[in-house]
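**Q** Please see the structure below; I have some questions.
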Number of protein chains: 2
Amino acid sequence: MPHKDSDTESTPSAPINLKDVLIGEPLKSDRITEEKYSVLWGLPILASDAISSVAYAGQEVLLVLIPVIGLLSYRYVLLIALAIVGLLTLLIFSYRQTIENYPCGGGAYIVAKDNLGDMAGITAGASLAVDYVLTVAVSISSGIEQLTSAFPVLHPYSVPICVVLVLLLMLGNLRGIRESSKIFGLPTYLFAFSILILIGTGIYKYMTGAPIEHVVVASNYYGVGSVSLFLILRAFSNGCTALTGVEAVSNAVPNFRAPESKHAKRVLMLLYLTILGLFGGTSVLINLYRPTPGDGQPAVLIQLADMIFGRGDVINAIIFYFITGTLCMILFLAANTAFAGFPMLLSIMANDGFVPRQMKQRGARLGFSNGIVILTIAATILIIVFRANVTNLIGLYAIGVFISFTLSQTGMLVRWFRRRGKHWGFKALLNGAGALVTSLTVIVIAITKFSQGAYVVIILLPILIFLMKKVKNHYTALSIQLHFDEAHYANPTLTTQKYRNRAIVLLSSVNRASVRAIRYASTICDDVTAFSVVIHADVEKKLVENYRKLNNSIPLIVKHSEYRRIVSPLIEYIDSAEYDFRQGDMITVVMPQFHVTKWWQSFLHNQTQLLIQRKLLQKYHIAIVTIPFQLDDDKEVLANAKEEAKKKSALPEEPTKDS
Amino acid sequence: MPHKDSDTESTPSAPINLKDVLIGEPLKSDRITEEKYSVLWGLPILASDAISSVAYAGQEVLLVLIPVIGLLSYRYVLLIALAIVGLLTLLIFSYRQTIENYPCGGGAYIVAKDNLGDMAGITAGASLAVDYVLTVAVSISSGIEQLTSAFPVLHPYSVPICVVLVLLLMLGNLRGIRESSKIFGLPTYLFAFSILILIGTGIYKYMTGAPIEHVVVASNYYGVGSVSLFLILRAFSNGCTALTGVEAVSNAVPNFRAPESKHAKRVLMLLYLTILGLFGGTSVLINLYRPTPGDGQPAVLIQLADMIFGRGDVINAIIFYFITGTLCMILFLAANTAFAGFPMLLSIMANDGFVPRQMKQRGARLGFSNGIVILTIAATILIIVFRANVTNLIGLYAIGVFISFTLSQTGMLVRWFRRRGKHWGFKALLNGAGALVTSLTVIVIAITKFSQGAYVVIILLPILIFLMKKVKNHYTALSIQLHFDEAHYANPTLTTQKYRNRAIVLLSSVNRASVRAIRYASTICDDVTAFSVVIHADVEKKLVENYRKLNNSIPLIVKHSEYRRIVSPLIEYIDSAEYDFRQGDMITVVMPQFHVTKWWQSFLHNQTQLLIQRKLLQKYHIAIVTIPFQLDDDKEVLANAKEEAKKKSALPEEPTKDS
């Protein structure tokens, strides 16, 4: 009868291993609550992605405009920034409604699936997943771009530095949620603080007419084209990367301390205000100070810091390096948003059976380890393929997240129409506007950045969606086949009837392992056959001779295999009239298996066992038993054997009788 | 009782697969005799290595001499060639004695092990193995060097062409022995024939004073150093590569048709005469025509062909390209010698337990597939690392084979002293002289080529020997532990006594697979426990409820795992007083295992089963049973389910009763 006993499990400890050093000792499952976000630490960990895009969004807007329309760009930067801030406002208020309605986590995946069906859900999920990977690649690459702007000597090592940083993020996240937020939270505040100082000082210096230290820029960066709608929209598309990360908060509602929704909404509003201040402020600075990004030029924010503070005297230099430092750090850590969001998304989708179930297992430190590792691998590949170049990566970025915005807002719109409730008309209007604007943005991004890389995502998404459908189908088919329904329960043939019990022991020679297998087989049933496949005829005689000496009543069947196969002769024997196999019999096939003391030793044993196991699995009603035979350490065995041989030669009269 | 029946095994055929297309259909074991060498085809397949070294040995001698002593080199080439031919003569007659004494294969490994002990044997074996790998790398690289000399446009693609050729050789050899010799035999004859024509024409033209078309050579190739002993010895060391491959015949004696020794000896003498003619003849040509090898220059034999035939008129051009063609082919195919010898050597050493046993398994076409694949991988790595450059590879080459020569001759010497017999004094003198001269050669090669790469081999060999000792120790310790001696046979406790029979079924929910596992467990024994580890507390209630509905007498034990582990709670349960485990009990642990229809589906199931199996193996006296549960095709299952749902909604009154 059921029996509970949760205290007997001892704390895993004993020998210190590398894994424990790197990611910490395993945590008990009930410590999950301890690992949740407060507002204070939840804000930086969930907001770093959105906030950090300040570092590259403005620059990537300029990079589209400047080569074509030169100085005119600075005017349009403000316009585009205004449009993006408007979009942000709409999104934030739409997402507030999502958080209210989905206190258990209202990622685009859940909202879309819940209101629009499975297909919409996995489309949103796949889009988000792709963008999480890009968040890591873009943020890390941009961070290194800032760093190499300030220290050009590091430039040739960008890619390896990026890869190492991704691996460090992986380790940090494998260590667990709360520790992550402490490690990663502080720089976000420092960054926001330092950018605010930059904005304040910049505006003050401009107002008071203090001298501006201009960066010298090559003349070919001043383009001679004309303003076109396509150009502005492409610049706008690049700027939209500033909005990636907004959804992180609504995804992670259950990760907050109770009351979850309230804390999440508070973080969302704080996030809004922060982006507003930082993105708006830097756009103003760009307009005032006119930095010029480009190949070989320092990053825009570094140029601004240089112009506003310079490196002239010690205090200004300290401020300059402080800004550079926090800028790098926030970007490296923005990637951490994805490390929080991606594994959570995958675990939710795994719960619904759209991705492999392994994604919902929590690791030693309670993080979803498999998701963390997959994100690391995918981001590392992107960084290596795109040589850690932000401008190349940005082409793939943002389209995924805007697809998910659209689906999520549309889902909310449908929800309001279905459920109605207080003020539902206004709420539906808000989400409807969000859906419309974000869907237009998806179209704009897909068109203007198609050849810049968006096509990769547009091809990849249907493939991912197809695979997720396949996975889901498999799990559904599995559960249908496994299902034990009331008729089954009522059927004693299925529940309690015993099988006809027969066993076959596979052996190649008479030895301690195979004799144990035979003893085991005769323990579990009375109808045992010993079976051997002989490839080299010369071993047969000895086998038969030794077997006879065992003096048991179990028949030995020897088959010759002309094609040096083991399994097919066995299956043919079972199917032959000789064996009298009846439908419904359960045949137990017993094999000895060695357990070696050193890992390399397992390569020394024929892998035929595994092969046999794999092939026999195809045969219904064969139970495969492995009888472990534990080997001792080679050196000890040899030393003991020597010892005994010595003893024997010393006392030749007394033969050892006992075993 | 033993039962023979070798005709029931049906010929494997059915669906045509890629493997069958590439390497041919599986062959029966009794076709081994059909696959043996005749003298006619045995000569080219075993001799191609030795014969082909004509293509590079002379050139590598010149490459040492010319930069230092310029024109003087040509005189010394003849001297060095004479020394090498002398060494060859000594070796051939020594090896005739080996073949006579070892009709079952007298490789250096066997002779050394037999007469000097295990350490000498594995030293010889490891040395030979290393040199086989180098034979492949050097021959293929040299072949491509000849080809790119005639067609410089191919030069940038040397490495990939080499790799493809190694892979083709692998495929050819996986197809089987005799087919190989037919594919690879003809070019050896064509090569010998064409070089004889070259030598004949060259000497004739020189004698009759026909005009010689000289190759223009950069003046910096005429060195200004002086002759030193070290220089001559280094040139001699490079020339010794011409003797690699001589041992192939004595290694492969059992591969000949009966009478094996006689055929082998005949092939050995033919090999001797061929090398004598070709190596001697080309050395004379080099002396007469003075080709100058070097970076960017055509290979020496290509230069000779160019000088003797030119490409002036059509007939001469045909002869030139014919020589170039056979030259390439013989070199590509010389690598085949190693593909015959290396797997054979490994299979012999595997028989003695010095290398993993997998090396003695014959593949579908009766070749030692694993050895063939390992040789392919190792040679490919060498080719890639050394950029297919013969002069770089040559530094590593020959030292291994000369170590094995020394050990083999020393072994024969010791043998004569032990066994004596007719004319033993003379025979011992011959082998003794061989041992002395080859050991001196080892020292010369080790010193003169140390920094050219020989150091790699000198470091690698002790490592290989160490590993081989470890492997042997493991197999010895294994056989001691497995040994079932007379005392064991006499002990009924060990042979026939049954275990106390208890079973534990692991389950996570009540489903068709786990119910089958329970039925199986109750079939094989009366003392069954159902065991479940619960990680998420919410699933426990449903599990217990469903389990009760099964209405059997088997108790269900539920344990909570705070660290999300499966195996340790089970082991703790077994070890606890609750389970009443007694020393000597055999516990059967039963787990269901899914058998999926598509390969990718196996990734979708938690790998916990494998983990459980691996961990439980560490526990003595636990037998692990997997009950296969065969899944049907996903699509079919889903279609059927739909169908049934449709039926049900059509006939709502009639609930399905039977399962």
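Order determines the names: the first chain of the structure tokens is A, the second B, and so forth; residues in each chain are numbered 1 upward, and ligands are numbered 1 upward as they are shown.
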Fewer than 6 positions away in the same chain doesn't count, so skip those; otherwise give me all residues within 7 Å of segment 97-104 of chain A, counting only C-alpha atoms, as a PyMOL selection string.
**A** chain A and resi 250+253-254+260-261+265
**Q** Env of Leu393 of chain A: 8 Å cut, atoms = only C-alpha atoms, seq-sep filter 4 positions within chain, self excluded. Answer as a PyMOL selection string.
**A** chain A and resi 134+137-138+386+388-389+397+453
**Q** Kindly save the residues from that selection, with C-alpha atoms included, as a short mmCIF file (atom, residue, chain, number, x, y, z; two decimals), in the first residue's frame.
**A**
```
data_model
loop_
_atom_site.label_atom_id
_atom_site.label_comp_id
_atom_site.auth_asym_id
_atom_site.auth_seq_id
_atom_site.Cartn_x
_atom_site.Cartn_y
_atom_site.Cartn_z
CA LEU A 134 19.24 35.99 -31.18
CA ALA A 137 23.98 36.43 -29.82
CA VAL A 138 23.21 40.11 -30.43
CA PHE A 386 28.20 35.75 -37.97
CA ALA A 388 30.10 38.35 -33.61
CA ASN A 389 29.00 41.19 -35.92
CA TYR A 397 16.48 39.90 -35.05
CA GLY A 453 18.77 37.92 -42.91
#
```
**Q** Could you name the residues that touch Ala623 of chain A at 6 Å or less, counting only C-alpha atoms, but leaving out those on the same chain fewer than 5 positions away, as a PyMOL selection string?
**A** (chain A and resi 588) or (chain B and resi 626-627)
**Q** Could the residues in this selection be saved with N, CA, C and O atoms as a tab-separated table (two decimals), in the first residue's frame?
**A**
```tsv
chain	number	residue	atom	x	y	z
A	588	THR	N	11.83	-14.75	-21.70
A	588	THR	CA	12.85	-13.96	-21.02
A	588	THR	C	14.21	-14.33	-21.60
A	588	THR	O	14.59	-15.50	-21.56
B	626	THR	N	14.16	-5.36	-19.07
B	626	THR	CA	13.38	-4.37	-19.81
B	626	THR	C	12.30	-5.11	-20.58
B	626	THR	O	12.57	-6.08	-21.28
B	627	ILE	N	11.08	-4.64	-20.42
B	627	ILE	CA	9.95	-5.23	-21.12
B	627	ILE	C	9.65	-4.32	-22.30
B	627	ILE	O	9.18	-3.20	-22.13
```
**Q** Within 10 Å of Asn336 of chain B, counting only C-alpha atoms, which residues show up once you throw out same-chain ones fewer than 4 positions away? Write them as a PyMOL selection string, please.
**A** chain B and resi 45-49+132+135-136+139-140+166+169-170+172-173+180-181+184+330-332+340-342
**Q** With only C-alpha atoms as the counted atoms, please give the residues lying no more than 7 Å from Cys328 of chain A, apart from itself and same-chain residues fewer than 6 positions off, as a PyMOL selection string.
**A** chain A and resi 143-144+146-147
**Q** In Å to one decimal, how far is atom CA of Ile377 of chain B from atom CA of Val471 of chain B?
**A** 21.0 Å
**Q** Contacts of Gly121 of chain A at 9 Å or less, counting only C-alpha atoms, minus same-chain residues fewer than 3 places along, as a JSON list (two decimals) with C-alpha atoms, in the first residue's frame?
**A**
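The result, stored in selection_13.json:
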```json
[["chain", "number", "residue", "atom", "x", "y", "z"],
["A", 108, "ALA", "CA", 2.73, 34.82, -26.17],
["A", 109, "TYR", "CA", 2.75, 31.04, -26.47],
["A", 110, "ILE", "CA", 0.15, 30.50, -23.78],
["A", 111, "VAL", "CA", -2.06, 33.41, -24.80],
["A", 112, "ALA", "CA", -2.03, 32.44, -28.46],
["A", 113, "LYS", "CA", -2.61, 28.75, -27.77],
["A", 114, "ASP", "CA", -5.32, 29.45, -25.24],
["A", 115, "ASN", "CA", -7.34, 31.75, -27.50],
["A", 116, "LEU", "CA", -6.30, 30.96, -31.05],
["A", 117, "GLY", "CA", -5.44, 27.26, -30.89],
["A", 118, "ASP", "CA", -2.38, 25.03, -31.05],
["A", 124, "ALA", "CA", 4.37, 32.16, -31.23],
["A", 125, "GLY", "CA", 6.51, 29.74, -29.23],
["A", 126, "ALA", "CA", 8.84, 28.97, -32.12],
["A", 404, "SER", "CA", 4.75, 36.65, -31.04],
["A", 407, "LEU", "CA", -0.30, 36.53, -31.92],
["A", 408, "SER", "CA", -0.44, 37.39, -28.24]]
```
**Q** Give me the residues within 8 Å of Leu638 of chain B as a list in words, counting only C-alpha atoms and dropping any in the same chain fewer than 6 places off.
**A**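 Here the qualifying residues turn out to be Asn473, Thr476 and Ala477 of chain A.
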**Q** Emit the selected residues as a PDB file, in the first residue's frame, including N, CA, C and O atoms.
**A**
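Contents of the output file again-v1.pdb:
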```pdb
ATOM      1  N   ASN A 473       2.481  15.031 -32.089  1.00  0.00           N
ATOM      2  CA  ASN A 473       1.801  13.841 -32.594  1.00  0.00           C
ATOM      3  C   ASN A 473       2.350  12.587 -31.929  1.00  0.00           C
ATOM      4  O   ASN A 473       1.597  11.674 -31.584  1.00  0.00           O
ATOM      5  N   THR A 476       1.094  12.320 -28.415  1.00  0.00           N
ATOM      6  CA  THR A 476      -0.329  11.984 -28.402  1.00  0.00           C
ATOM      7  C   THR A 476      -0.526  10.513 -28.732  1.00  0.00           C
ATOM      8  O   THR A 476      -1.248   9.791 -28.029  1.00  0.00           O
ATOM      9  N   ALA A 477       0.140  10.066 -29.797  1.00  0.00           N
ATOM     10  CA  ALA A 477       0.020   8.663 -30.188  1.00  0.00           C
ATOM     11  C   ALA A 477       0.502   7.760 -29.057  1.00  0.00           C
ATOM     12  O   ALA A 477      -0.082   6.714 -28.773  1.00  0.00           O
TER      13      ALA A 477
END
```
**Q** Please indicate the distance in Å from atom CA of Thr244 of chain B to atom CA of Ala50 of chain B, rounded to one decimal place.
**A**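 Separation of atom CA of Thr244 of chain B and atom CA of Ala50 of chain B: 5.8 Å.
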**Q** Point out the residue among B:Met586, B:Ile275, B:Leu461, B:Ile557 with the least atom-to-atom distance to Ile84 of chain B, counting only C-alpha atoms.
**A** B:Ile275
